[in-house]
file upload.cif (mmCIF, C-alpha atoms)
data_target
loop_
_atom_site.label_atom_id
_atom_site.label_comp_id
_atom_site.auth_asym_id
_atom_site.auth_seq_id
_atom_site.Cartn_x
_atom_site.Cartn_y
_atom_site.Cartn_z
CA MET A 1 169.37 68.32 -48.65
CA SER A 2 168.64 71.98 -47.88
CA ARG A 3 168.99 75.27 -49.67
CA PHE A 4 171.28 78.14 -48.66
CA GLU A 5 170.67 81.72 -49.77
CA LEU A 6 173.89 83.49 -50.81
CA LYS A 7 173.30 87.22 -50.29
CA LEU A 8 175.22 90.25 -51.49
CA PRO A 9 177.34 91.12 -48.42
CA ARG A 10 177.68 94.57 -46.93
CA MET A 11 180.68 96.17 -48.63
CA GLY A 12 181.02 99.42 -46.69
CA GLU A 13 179.02 102.10 -44.96
CA SER A 14 178.48 104.19 -48.09
CA VAL A 15 177.79 101.33 -50.53
CA ALA A 16 174.13 100.32 -50.93
CA GLU A 17 174.24 98.44 -54.23
CA ALA A 18 176.59 96.94 -56.81
CA THR A 19 176.54 95.69 -60.39
CA LEU A 20 176.95 91.98 -61.02
CA THR A 21 179.61 91.85 -63.73
CA THR A 22 180.45 88.15 -64.16
CA TRP A 23 179.24 84.78 -62.97
CA LEU A 24 182.23 82.56 -62.16
CA LYS A 25 180.10 79.44 -61.60
CA GLU A 26 177.37 77.77 -63.65
CA VAL A 27 174.20 76.15 -62.31
CA GLY A 28 175.09 72.58 -61.33
CA ASP A 29 178.71 73.38 -60.41
CA THR A 30 180.07 72.05 -57.14
CA ILE A 31 181.25 74.85 -54.86
CA GLU A 32 183.59 74.88 -51.90
CA MET A 33 183.44 77.30 -48.98
CA ASP A 34 185.27 80.59 -49.70
CA GLU A 35 185.35 79.84 -53.44
CA ALA A 36 184.41 82.87 -55.56
CA ILE A 37 180.91 82.60 -57.11
CA PHE A 38 180.53 85.90 -58.95
CA GLU A 39 182.16 89.29 -59.41
CA ILE A 40 180.60 92.63 -58.59
CA ALA A 41 181.57 96.21 -59.31
CA THR A 42 180.85 99.58 -57.81
CA ASP A 43 181.86 102.79 -59.57
CA LYS A 44 185.47 102.29 -58.43
CA VAL A 45 186.21 98.77 -57.21
CA ASP A 46 185.74 95.24 -58.58
CA SER A 47 185.34 92.47 -56.01
CA GLU A 48 184.72 88.73 -55.88
CA VAL A 49 181.98 87.32 -53.65
CA PRO A 50 182.83 83.91 -52.16
CA SER A 51 180.50 81.13 -51.03
CA GLU A 52 179.84 80.77 -47.32
CA VAL A 53 179.17 77.02 -47.60
CA ASP A 54 180.06 73.85 -49.51
CA GLY A 55 177.40 72.70 -51.96
CA VAL A 56 176.02 72.82 -55.47
CA LEU A 57 174.83 75.99 -57.24
CA VAL A 58 171.19 75.32 -58.16
CA GLU A 59 169.86 78.79 -59.01
CA ARG A 60 171.16 82.20 -60.14
CA LEU A 61 168.69 84.99 -59.39
CA TYR A 62 170.42 87.80 -61.29
CA GLU A 63 172.14 88.14 -64.64
CA ALA A 64 175.31 90.01 -65.59
CA ASP A 65 174.89 93.81 -65.55
CA ASP A 66 171.99 93.68 -63.07
CA ILE A 67 172.05 96.12 -60.15
CA ILE A 68 171.82 94.32 -56.80
CA LYS A 69 170.97 95.83 -53.42
CA VAL A 70 173.12 94.92 -50.42
CA GLY A 71 171.45 92.04 -48.56
CA ALA A 72 169.56 90.73 -51.61
CA THR A 73 169.73 86.98 -52.33
CA VAL A 74 171.86 86.44 -55.43
CA ALA A 75 172.15 82.65 -55.64
CA ILE A 76 170.76 79.46 -54.13
CA ILE A 77 173.19 76.74 -53.08
CA GLU A 78 172.07 73.21 -52.22
CA ILE A 79 173.92 71.83 -49.23
CA GLU A 80 174.06 68.56 -47.32
CA GLY A 81 171.98 68.26 -44.15
CA ASP A 82 169.25 70.46 -42.74
CA SER A 83 171.06 72.61 -40.21
CA ASN A 84 172.61 75.40 -42.25
CA ILE A 85 169.62 76.96 -44.01
CA SER A 86 170.12 80.71 -44.27
CA ASN A 87 167.44 83.03 -42.89
CA GLU A 88 164.78 80.31 -42.82
CA ALA A 89 163.15 78.10 -40.17
CA THR A 90 162.17 74.45 -40.60
CA ASN A 91 159.33 72.50 -39.07
CA SER A 92 159.46 69.03 -37.65
CA ASN A 93 159.06 67.49 -41.10
CA GLY A 94 162.13 69.28 -42.40
CA GLU A 95 160.00 71.63 -44.51
CA ILE A 96 160.46 75.38 -44.54
CA ALA A 97 158.07 77.05 -42.12
CA VAL A 98 156.75 80.29 -43.58
CA ASP A 99 154.36 82.70 -41.88
CA LYS A 100 150.98 82.59 -43.64
CA GLU A 101 150.66 86.38 -43.73
CA ILE A 102 154.09 86.71 -45.33
CA LEU A 103 153.22 83.99 -47.85
CA ALA A 104 149.97 85.76 -48.73
CA ALA A 105 151.83 89.06 -49.21
CA VAL A 106 154.39 87.38 -51.46
CA GLU A 107 151.66 85.73 -53.55
CA SER A 108 149.87 89.07 -53.85
CA THR A 109 153.07 90.76 -55.01
CA VAL A 110 153.64 88.03 -57.60
CA GLU A 111 150.13 88.50 -58.98
CA VAL A 112 150.62 92.25 -59.26
CA ALA A 113 153.94 91.70 -61.04
CA LYS A 114 152.24 89.33 -63.49
CA GLU A 115 149.58 91.95 -64.22
CA VAL A 116 152.22 94.63 -64.83
CA VAL A 117 154.19 92.42 -67.21
CA ALA A 118 151.02 91.35 -69.06
CA ALA A 119 149.59 94.88 -69.33
CA PRO A 120 149.67 96.62 -72.73
CA VAL A 121 152.80 98.68 -73.28
CA GLN A 122 150.88 101.84 -74.09
CA ASN A 123 149.34 101.86 -70.60
CA TYR A 124 152.74 101.86 -68.89
CA LYS A 125 153.91 105.45 -68.45
CA SER A 126 156.47 105.51 -65.67
CA THR A 127 158.63 108.58 -65.20
CA ASP A 128 160.48 107.02 -62.25
CA ARG A 129 161.29 103.61 -63.71
CA PHE A 130 164.74 102.31 -62.75
CA TYR A 131 167.30 101.62 -65.47
CA SER A 132 170.79 100.24 -64.86
CA PRO A 133 173.77 102.39 -65.95
CA LEU A 134 174.52 99.87 -68.72
CA VAL A 135 170.99 100.11 -70.16
CA LYS A 136 171.08 103.91 -70.02
CA ASN A 137 174.48 104.01 -71.74
CA ILE A 138 173.25 101.75 -74.55
CA ALA A 139 170.10 103.86 -74.90
CA LYS A 140 172.17 107.05 -75.08
CA GLN A 141 174.54 105.60 -77.67
CA GLU A 142 171.66 104.39 -79.83
CA GLY A 143 169.56 107.55 -79.45
CA VAL A 144 166.76 105.79 -77.56
CA THR A 145 164.77 108.33 -75.57
CA VAL A 146 163.41 107.95 -72.04
CA ALA A 147 159.89 107.79 -73.48
CA GLU A 148 160.94 104.84 -75.65
CA LEU A 149 162.61 103.12 -72.71
CA ASP A 150 159.36 103.36 -70.80
CA THR A 151 157.62 101.39 -73.57
CA ILE A 152 159.99 98.42 -73.40
CA SER A 153 158.69 95.38 -71.51
CA GLY A 154 161.49 94.23 -69.23
CA THR A 155 162.27 90.55 -68.69
CA GLY A 156 164.48 91.11 -65.67
CA LYS A 157 163.61 90.98 -62.00
CA ASP A 158 160.58 93.18 -61.20
CA ALA A 159 160.08 93.72 -64.95
CA ARG A 160 163.40 95.57 -65.15
CA VAL A 161 164.81 96.24 -68.61
CA THR A 162 167.96 94.16 -69.12
CA LYS A 163 170.83 94.47 -71.55
CA SER A 164 169.20 91.83 -73.78
CA ASP A 165 165.89 93.75 -73.76
CA ILE A 166 167.42 97.05 -74.87
CA LEU A 167 169.60 95.38 -77.52
CA ALA A 168 166.61 93.48 -78.89
CA TYR A 169 164.64 96.72 -79.02
CA VAL A 170 167.46 98.52 -80.82
CA THR A 171 167.66 95.71 -83.41
CA LYS A 172 163.91 95.87 -84.08
CA ARG A 173 164.10 99.67 -84.21
CA LYS A 174 166.78 99.58 -86.90
CA GLN A 175 164.69 97.10 -88.90
CA GLY A 176 161.65 99.39 -88.64
CA ASN A 177 159.68 96.83 -86.63
CA VAL A 178 158.96 99.10 -83.64
CA SER A 179 155.74 101.08 -83.43
CA VAL A 180 154.59 103.39 -80.64
CA SER A 181 150.83 103.44 -80.40
CA THR A 182 149.73 106.50 -78.43
CA PRO A 183 150.06 110.07 -79.77
CA GLU A 184 151.20 111.26 -76.34
CA VAL A 185 154.18 108.92 -76.30
CA GLN A 186 154.96 109.70 -79.95
CA GLU A 187 154.99 113.41 -79.17
CA GLN A 188 157.23 112.89 -76.12
CA ILE A 189 159.66 110.81 -78.18
CA ALA A 190 159.76 113.46 -80.89
CA VAL A 191 160.51 116.22 -78.34
CA GLU A 192 163.31 114.18 -76.73
CA GLN A 193 164.83 113.31 -80.10
CA VAL A 194 164.98 117.00 -81.01
CA LYS A 195 166.62 117.71 -77.64
CA LEU A 196 169.20 114.95 -78.21
CA ALA A 197 169.91 116.28 -81.68
CA LYS A 198 170.53 119.78 -80.31
CA GLU A 199 172.90 118.37 -77.68
CA GLU A 200 174.88 116.58 -80.36
CA VAL A 201 175.33 119.78 -82.44
CA GLY A 202 178.27 121.46 -80.58
CA LYS A 203 179.94 118.23 -79.54
CA PRO A 204 183.30 117.51 -81.19
CA GLN A 205 182.82 114.80 -83.79
CA THR A 206 185.21 111.90 -83.39
CA LYS A 207 186.45 110.38 -86.61
CA ALA A 208 187.21 106.68 -86.71
CA LEU A 209 190.98 106.21 -86.80
CA GLU A 210 192.49 104.42 -89.72
CA THR A 211 194.62 101.43 -88.87
CA ALA A 212 197.63 100.14 -90.76
CA ILE A 213 198.75 96.57 -91.28
CA GLY A 214 200.24 95.27 -88.05
CA ASP A 215 198.29 97.67 -85.80
CA GLU A 216 196.57 96.02 -82.86
CA THR A 217 193.24 97.19 -81.46
CA LEU A 218 192.95 96.69 -77.71
CA PRO A 219 189.56 97.18 -76.01
CA MET A 220 189.59 99.34 -72.90
CA SER A 221 188.82 97.57 -69.64
CA ARG A 222 185.72 98.49 -67.66
CA MET A 223 187.88 100.31 -65.12
CA GLY A 224 189.83 102.04 -67.89
CA LYS A 225 186.62 103.39 -69.40
CA LEU A 226 185.42 104.62 -66.01
CA ILE A 227 188.74 106.39 -65.38
CA ALA A 228 188.67 108.01 -68.83
CA LYS A 229 185.13 109.25 -68.28
CA HIS A 230 185.99 110.55 -64.80
CA MET A 231 189.03 112.45 -66.08
CA VAL A 232 187.14 114.10 -68.95
CA GLU A 233 184.33 115.12 -66.59
CA SER A 234 186.85 116.61 -64.15
CA VAL A 235 188.54 118.75 -66.83
CA SER A 236 185.16 119.98 -68.06
CA THR A 237 183.99 120.71 -64.49
CA SER A 238 186.95 122.39 -62.78
CA ALA A 239 189.12 125.31 -63.89
CA HIS A 240 192.52 123.66 -63.38
CA VAL A 241 195.42 125.84 -62.21
CA GLN A 242 198.84 124.63 -61.03
CA SER A 243 201.42 125.93 -58.54
CA PHE A 244 204.92 124.41 -58.30
CA ILE A 245 207.46 124.58 -55.54
CA GLU A 246 210.91 123.03 -55.07
CA VAL A 247 211.59 121.46 -51.68
CA ASP A 248 214.90 120.67 -49.98
CA VAL A 249 214.28 117.32 -48.25
CA THR A 250 217.92 116.57 -47.30
CA ASN A 251 217.17 116.37 -43.57
CA LEU A 252 214.19 114.12 -44.23
CA VAL A 253 216.20 111.76 -46.47
CA ASN A 254 218.99 111.49 -43.91
CA TRP A 255 216.53 110.93 -41.04
CA ARG A 256 214.70 108.13 -42.86
CA LYS A 257 217.99 106.45 -43.75
CA LYS A 258 218.90 106.52 -40.07
CA VAL A 259 215.64 105.10 -38.64
CA LYS A 260 214.09 102.90 -41.34
CA ASP A 261 215.73 99.61 -40.25
CA THR A 262 214.84 100.15 -36.59
CA PHE A 263 211.32 101.13 -37.58
CA GLU A 264 210.80 97.95 -39.64
CA LYS A 265 212.13 95.68 -36.90
CA ARG A 266 209.93 97.31 -34.27
CA GLU A 267 206.70 97.81 -36.26
CA GLY A 268 206.95 95.09 -38.89
CA GLU A 269 206.30 97.74 -41.55
CA LYS A 270 208.54 99.40 -44.11
CA LEU A 271 208.94 103.16 -43.66
CA THR A 272 208.70 104.78 -47.10
CA PHE A 273 208.54 108.50 -47.86
CA THR A 274 204.81 108.30 -48.64
CA PRO A 275 203.43 108.36 -45.06
CA ILE A 276 205.74 111.28 -44.27
CA PHE A 277 204.38 113.25 -47.22
CA PHE A 278 200.82 112.38 -46.18
CA GLU A 279 201.49 113.62 -42.66
CA ALA A 280 202.65 116.93 -44.14
CA VAL A 281 199.55 117.22 -46.37
CA ALA A 282 197.20 116.42 -43.48
CA LYS A 283 198.78 119.17 -41.34
CA ALA A 284 198.57 121.66 -44.24
CA LEU A 285 194.87 120.86 -44.73
CA LYS A 286 194.35 121.44 -41.02
CA ALA A 287 195.98 124.85 -41.40
CA TYR A 288 194.11 125.68 -44.64
CA PRO A 289 190.65 124.07 -44.28
CA LEU A 290 189.35 125.85 -47.41
CA MET A 291 191.42 123.38 -49.43
CA ASN A 292 189.38 120.57 -47.85
CA ILE A 293 186.13 121.43 -49.60
CA SER A 294 183.78 120.41 -52.42
CA VAL A 295 181.59 122.50 -54.73
CA ASP A 296 177.84 121.89 -54.76
CA GLY A 297 176.26 124.22 -57.31
CA ASP A 298 176.60 127.71 -55.89
CA ASN A 299 177.59 126.41 -52.46
CA VAL A 300 180.89 125.28 -50.96
CA ILE A 301 180.85 122.29 -48.61
CA LYS A 302 183.58 122.51 -46.00
CA LYS A 303 184.52 118.96 -45.01
CA ARG A 304 184.83 118.10 -41.33
CA ASN A 305 187.05 115.04 -41.86
CA ILE A 306 190.41 115.00 -43.62
CA ASN A 307 190.35 111.88 -45.80
CA LEU A 308 193.39 111.57 -48.04
CA GLY A 309 193.17 109.72 -51.34
CA MET A 310 196.32 107.81 -52.32
CA ALA A 311 196.60 107.36 -56.09
CA THR A 312 197.94 103.83 -56.61
CA ALA A 313 199.09 102.25 -59.87
CA LEU A 314 197.77 98.75 -60.52
CA PRO A 315 199.61 95.94 -62.32
CA ASP A 316 197.29 96.27 -65.35
CA GLY A 317 198.26 99.92 -65.81
CA ASN A 318 195.06 101.37 -64.35
CA LEU A 319 194.91 103.65 -61.35
CA ILE A 320 192.84 103.43 -58.19
CA VAL A 321 192.55 105.84 -55.26
CA PRO A 322 192.06 104.19 -51.84
CA VAL A 323 191.35 106.62 -49.03
CA ILE A 324 193.02 107.07 -45.63
CA LYS A 325 190.15 108.15 -43.38
CA ASN A 326 190.76 110.83 -40.72
CA ALA A 327 194.40 111.10 -41.74
CA ASP A 328 195.01 114.08 -39.45
CA GLN A 329 194.35 111.87 -36.41
CA LEU A 330 197.12 109.38 -37.24
CA ASN A 331 200.70 109.55 -36.01
CA LEU A 332 203.51 108.54 -38.36
CA VAL A 333 203.36 104.88 -37.30
CA GLY A 334 199.62 104.73 -37.92
CA MET A 335 200.02 106.53 -41.25
CA ALA A 336 202.71 104.06 -42.38
CA LYS A 337 200.50 101.09 -41.51
CA ALA A 338 197.50 102.60 -43.32
CA VAL A 339 199.54 103.45 -46.44
CA ASN A 340 201.13 100.00 -46.66
CA ASP A 341 197.85 98.18 -46.03
CA LEU A 342 195.90 100.08 -48.70
CA ALA A 343 198.73 99.86 -51.25
CA ASN A 344 199.11 96.08 -50.80
CA ARG A 345 195.37 95.41 -50.97
CA ALA A 346 195.01 97.65 -54.03
CA ARG A 347 197.71 95.78 -55.95
CA ASN A 348 196.19 92.42 -55.01
CA ASN A 349 192.61 93.47 -55.87
CA LYS A 350 191.52 93.09 -52.24
CA LEU A 351 190.10 96.56 -51.66
CA LYS A 352 186.54 96.88 -50.40
CA PRO A 353 184.23 99.42 -52.07
CA ASP A 354 184.21 101.57 -48.93
CA ASP A 355 188.03 101.86 -49.11
CA THR A 356 187.70 104.23 -52.09
CA GLN A 357 184.85 106.40 -50.80
CA ASP A 358 184.66 109.85 -49.19
CA GLY A 359 188.10 111.22 -50.09
CA THR A 360 188.48 114.98 -49.54
CA TYR A 361 191.95 115.57 -51.06
CA THR A 362 194.25 113.37 -53.19
CA VAL A 363 198.01 112.84 -53.38
CA THR A 364 199.75 111.12 -56.31
CA ASN A 365 203.41 110.13 -56.38
CA VAL A 366 204.61 110.64 -59.96
CA GLY A 367 208.20 110.44 -58.70
CA THR A 368 207.80 106.67 -58.33
CA PHE A 369 208.21 106.44 -62.10
CA GLY A 370 211.03 108.98 -62.31
CA SER A 371 208.96 112.05 -63.18
CA VAL A 372 210.32 115.31 -61.81
CA PHE A 373 206.87 116.87 -61.62
CA GLY A 374 203.42 116.55 -63.19
CA THR A 375 200.12 118.37 -63.62
CA PRO A 376 197.55 115.95 -62.18
CA ILE A 377 193.81 116.14 -62.85
CA ILE A 378 191.60 116.85 -59.84
CA ASN A 379 189.70 113.87 -58.43
CA GLN A 380 186.10 115.11 -58.39
CA PRO A 381 184.33 116.31 -56.31
CA GLN A 382 187.52 117.45 -54.56
CA VAL A 383 189.18 120.79 -55.36
CA GLY A 384 192.86 119.90 -55.15
CA ILE A 385 195.45 117.22 -55.84
CA LEU A 386 199.19 117.18 -55.06
CA ALA A 387 201.80 115.45 -57.22
CA LEU A 388 205.06 114.37 -55.58
CA GLY A 389 208.08 114.47 -57.88
CA ALA A 390 211.18 112.30 -57.74
CA ILE A 391 213.79 113.09 -55.07
CA ARG A 392 217.09 113.93 -56.79
CA LYS A 393 220.56 115.00 -55.67
CA THR A 394 221.24 118.44 -57.11
CA PRO A 395 223.95 121.11 -56.73
CA SER A 396 222.44 123.97 -54.74
CA VAL A 397 223.35 127.34 -53.28
CA ILE A 398 223.48 127.05 -49.49
CA GLU A 399 223.14 130.26 -47.49
CA THR A 400 225.06 130.47 -44.21
CA ALA A 401 226.13 133.22 -41.83
CA GLU A 402 229.65 132.98 -43.26
CA GLY A 403 228.38 133.35 -46.84
CA ASP A 404 226.96 131.29 -49.69
CA PHE A 405 228.51 128.12 -51.07
CA ILE A 406 227.57 125.25 -53.40
CA GLY A 407 226.60 121.87 -51.91
CA ILE A 408 224.83 118.63 -52.85
CA ARG A 409 221.23 118.56 -51.62
CA ASN A 410 218.27 116.20 -51.97
CA LYS A 411 215.44 118.10 -53.67
CA MET A 412 212.03 117.43 -55.18
CA PHE A 413 209.16 119.34 -56.80
CA LEU A 414 205.62 119.53 -55.46
CA SER A 415 202.94 120.21 -58.11
CA HIS A 416 199.62 121.43 -56.81
CA SER A 417 196.56 121.37 -59.12
CA TYR A 418 193.50 123.16 -57.76
CA ASP A 419 190.06 124.30 -58.83
CA HIS A 420 190.27 128.01 -59.66
CA ARG A 421 186.49 128.36 -59.36
CA VAL A 422 186.82 128.33 -55.57
CA VAL A 423 190.58 128.30 -54.83
CA ASN A 424 192.51 131.40 -55.82
CA GLY A 425 196.22 131.50 -56.54
CA ALA A 426 197.08 132.81 -53.09
CA LEU A 427 195.39 129.96 -51.23
CA GLY A 428 196.67 127.34 -53.68
CA SER A 429 200.24 128.61 -53.33
CA MET A 430 200.13 129.07 -49.55
CA PHE A 431 198.85 125.52 -49.11
CA VAL A 432 201.65 123.88 -51.10
CA LYS A 433 204.18 126.20 -49.39
CA ALA A 434 202.93 124.92 -46.02
CA VAL A 435 203.59 121.34 -47.15
CA ALA A 436 207.09 122.34 -48.31
CA ASP A 437 207.89 124.18 -45.08
CA TYR A 438 206.88 121.15 -43.00
CA LEU A 439 209.15 118.85 -45.01
CA GLU A 440 212.12 121.26 -45.07
CA SER A 441 212.00 121.79 -41.32
CA TRP A 442 212.10 118.06 -40.57
CA ASP A 443 213.93 117.38 -37.30
CA ILE A 444 216.90 115.10 -37.98
CA ASN A 445 216.74 113.96 -34.34
CA ARG A 446 213.01 113.17 -34.33
CA GLU A 447 211.92 110.03 -32.49
CA VAL A 448 209.55 107.65 -34.28
#

call {"tool": "encode", "arguments": {"input": "upload.cif", "output": "structure tokens"}}
result
Amino acid sequence: MSRFELKLPRMGESVAEATLTTWLKEVGDTIEMDEAIFEIATDKVDSEVPSEVDGVLVERLYEADDIIKVGATVAIIEIEGDSNISNEATNSNGEIAVDKEILAAVESTVEVAKEVVAAPVQNYKSTDRFYSPLVKNIAKQEGVTVAELDTISGTGKDARVTKSDILAYVTKRKQGNVSVSTPEVQEQIAVEQVKLAKEEVGKPQTKALETAIGDETLPMSRMGKLIAKHMVESVSTSAHVQSFIEVDVTNLVNWRKKVKDTFEKREGEKLTFTPIFFEAVAKALKAYPLMNISVDGDNVIKKRNINLGMATALPDGNLIVPVIKNADQLNLVGMAKAVNDLANRARNNKLKPDDTQDGTYTVTNVGTFGSVFGTPIINQPQVGILALGAIRKTPSVIETAEGDFIGIRNKMFLSHSYDHRVVNGALGSMFVKAVADYLESWDINREV
């Protein structure tokens, strides 16, 4: 028998760590290759991590809510034979061959860790100690200051404070069984508590809602809570302003109807309106690069790449925004393939964390659900988002050289929300007008 190290795989260029949310297997369980072992989460995407081998799970090195670096060993799996040991060498006796210097360094590190864990709490004054987002959220909710956190002895890896540690501390604190020994720490705690109290004064107080007989209380999902937090932060960060424009897309509708079957037979992809709209947005961003920016304090960062976020509704009612990278470099065929791929993987929970990173502008299609137009919230740290309304047949005035007459046209509304801190009304309106002009001037005889 030999032991295989299951590591946290690389999930994308911009993702360095993830939170372990759920173990799907217990120690002692038999595991097949490609069977999911645990679930992880970044700030936007949940993913399952499968086993690379057949075997038995013999050790779990992290607990739920722990932060794990990419490449770190998460679990040990016992496998048959001696040939598939991960990242280790064996000697002629079948034993693991370890460099003596490395072994000595590991032993030294273990001894230091033991000394840190055994040291008196009052001697541990770290201002750079790492705390997981979950621990910090619990501490904030319970009014536990940073100075108090620094006094908690962690039982996690590298003496890290775990969820159980902070909850145990909070319980003892409420029972009056927590004492802080040094005057310096007591003073720091007092100062931070006053600061927290001042921050609370001005905040709107939420009153617990009364429920009636028959009401059902449904807990928000982890993703739902993240989305809610992100939306509130966006509204409090950006000065939202909207511009609306009605677009005549009759030529576009007729063109798509004419070519969609041929397109699907040739490319193996459905041609929806979405990639066409994205092509128009990418060209407008190219023409108005100051819409492709982010705000960093008193500075504006002008983005080199045009990466379009595609707001996608999930089966559970939540929303996710996968990103089409370098959208301005894609032709319509490439755009259609990218849109369909991301939409399918989003709905089947197959997105990778890197698929939702680095967006510079977002498009949301509210028309999918029959909405004529909407006022979307900006996806921070971007400065604009475009909502696509439903395409409807409407009676319209048509201007010709022979005079005006009434005809049936296919029309839709574009709703552009933008950050008025850095985007004025002129730029916001000219940008959405550029998108409209591109769609209205669609060539009915265009080749795909």

call {"tool": "closest_residue", "arguments": {"input": "upload.cif", "among": "A:Ile324, A:Arg345, A:Ile391, A:Val383", "to": "Ile301 of chain A", "atoms": "all atoms listed in the file"}}
result
A:Val383

call {"tool": "resolve_selection", "arguments": {"input": "upload.cif", "expression": "the PyMOL selection byres ((chain A and resi 448) around 9)", "output": "list in words"}}
result
Val259, Phe263, Leu332, Val333, Arg446 and Glu447 of chain A

call {"tool": "resolve_selection", "arguments": {"input": "upload.cif", "expression": "the PyMOL selection byres ((chain A and resi 49) around 8)", "output": "count of residues only"}}
result
11

call {"tool": "atom_distance", "arguments": {"input": "upload.cif", "atom1": "atom CA of Ala313 of chain A", "atom2": "atom CA of Phe277 of chain A"}}
result
17.6 Å

call {"tool": "residues_around", "arguments": {"input": "upload.cif", "residues": "Ile320 of chain A", "least_positions_apart": "6", "cutoff": "9 Å", "atoms": "only C-alpha atoms", "output": "PyMOL selection string"}}
result
chain A and resi 44-45+227+310-314+346+356

call {"tool": "atom_distance", "arguments": {"input": "upload.cif", "atom1": "atom CA of Met335 of chain A", "atom2": "atom CA of Ala390 of chain A"}}
result
20.7 Å

call {"tool": "resolve_selection", "arguments": {"input": "upload.cif", "expression": "the PyMOL selection byres ((chain A and resi 169) around 10)", "output": "list of chain:residue names"}}
result
A:Ala139, A:Val144, A:Glu148, A:Leu149, A:Ile152, A:Ser153, A:Lys163, A:Ser164, A:Asp165, A:Ile166, A:Leu167, A:Ala168, A:Val170, A:Thr171, A:Lys172, A:Arg173, A:Lys174, A:Gln175, A:Asn177, A:Val178

call {"tool": "residues_around", "arguments": {"input": "upload.cif", "residues": "segment 228-232 of chain A", "least_positions_apart": "3", "cutoff": "8 Å", "atoms": "all atoms listed in the file", "output": "JSON, numbers by chain"}}
result
{"A": [224, 225, 235, 236, 377, 379, 380]}

call {"tool": "write_last_selection", "arguments": {"input": "upload.cif", "atoms": "C-alpha atoms", "output": "short mmCIF file (atom, residue, chain, number, x, y, z; two decimals), in the coordinates of the input"}}
result
data_model
loop_
_atom_site.label_atom_id
_atom_site.label_comp_id
_atom_site.auth_asym_id
_atom_site.auth_seq_id
_atom_site.Cartn_x
_atom_site.Cartn_y
_atom_site.Cartn_z
CA GLY A 224 189.83 102.04 -67.89
CA LYS A 225 186.62 103.39 -69.40
CA VAL A 235 188.54 118.75 -66.83
CA SER A 236 185.16 119.98 -68.06
CA ILE A 377 193.81 116.14 -62.85
CA ASN A 379 189.70 113.87 -58.43
CA GLN A 380 186.10 115.11 -58.39
#

call {"tool": "residues_around", "arguments": {"input": "upload.cif", "residues": "Tyr438 of chain A", "least_positions_apart": "4", "cutoff": "12 Å", "atoms": "all atoms listed in the file", "output": "NGL selection string"}}
result
:A and (247-249 or 251-252 or 276-284 or 287 or 431-434 or 442-443)

call {"tool": "atom_distance", "arguments": {"input": "upload.cif", "atom1": "atom CA of Met33 of chain A", "atom2": "atom CA of Asp46 of chain A"}}
result
20.5 Å

call {"tool": "residues_around", "arguments": {"input": "upload.cif", "residues": "Glu17 of chain A", "least_positions_apart": "6", "cutoff": "7 Å", "atoms": "all atoms listed in the file", "output": "PyMOL selection string"}}
result
chain A and resi 67-70

call {"tool": "residues_around", "arguments": {"input": "upload.cif", "residues": "Leu61 of chain A", "least_positions_apart": "5", "cutoff": "8 Å", "atoms": "all atoms listed in the file", "output": "PyMOL selection string"}}
result
chain A and resi 73-76

call {"tool": "residues_near_point", "arguments": {"input": "upload.cif", "point": "(204.1, 112.3, -64.3)", "cutoff": "12 Å", "atoms": "only C-alpha atoms", "output": "number ranges by chain"}}
result
A: 364-377, 386-390, 413-415

call {"tool": "axis_aligned_box", "arguments": {"input": "upload.cif", "around": "segment 291-302 of chain A", "padding_each_side": "6 Å", "output": "JSON"}}
result
{"center_x": 183.8, "center_y": 124.1, "center_z": -51.7, "size_x": 27.2, "size_y": 19.3, "size_z": 23.3}

call {"tool": "closest_residue", "arguments": {"input": "upload.cif", "among": "A:His240, A:Arg347, A:Arg409, A:Lys265", "to": "Val422 of chain A", "atoms": "all atoms listed in the file"}}
result
A:His240

call {"tool": "residues_near_point", "arguments": {"input": "upload.cif", "point": "(179.4, 75.6, -56.7)", "cutoff": "12 Å", "atoms": "all atoms listed in the file", "output": "MDAnalysis selection string"}}
result
chainID A and resid 4 6 23:38 50:60 75:79

call {"tool": "closest_residue", "arguments": {"input": "upload.cif", "among": "A:Met220, A:Trp255, A:Ala64, A:Asp355", "to": "Ser441 of chain A", "atoms": "only C-alpha atoms"}}
result
A:Trp255
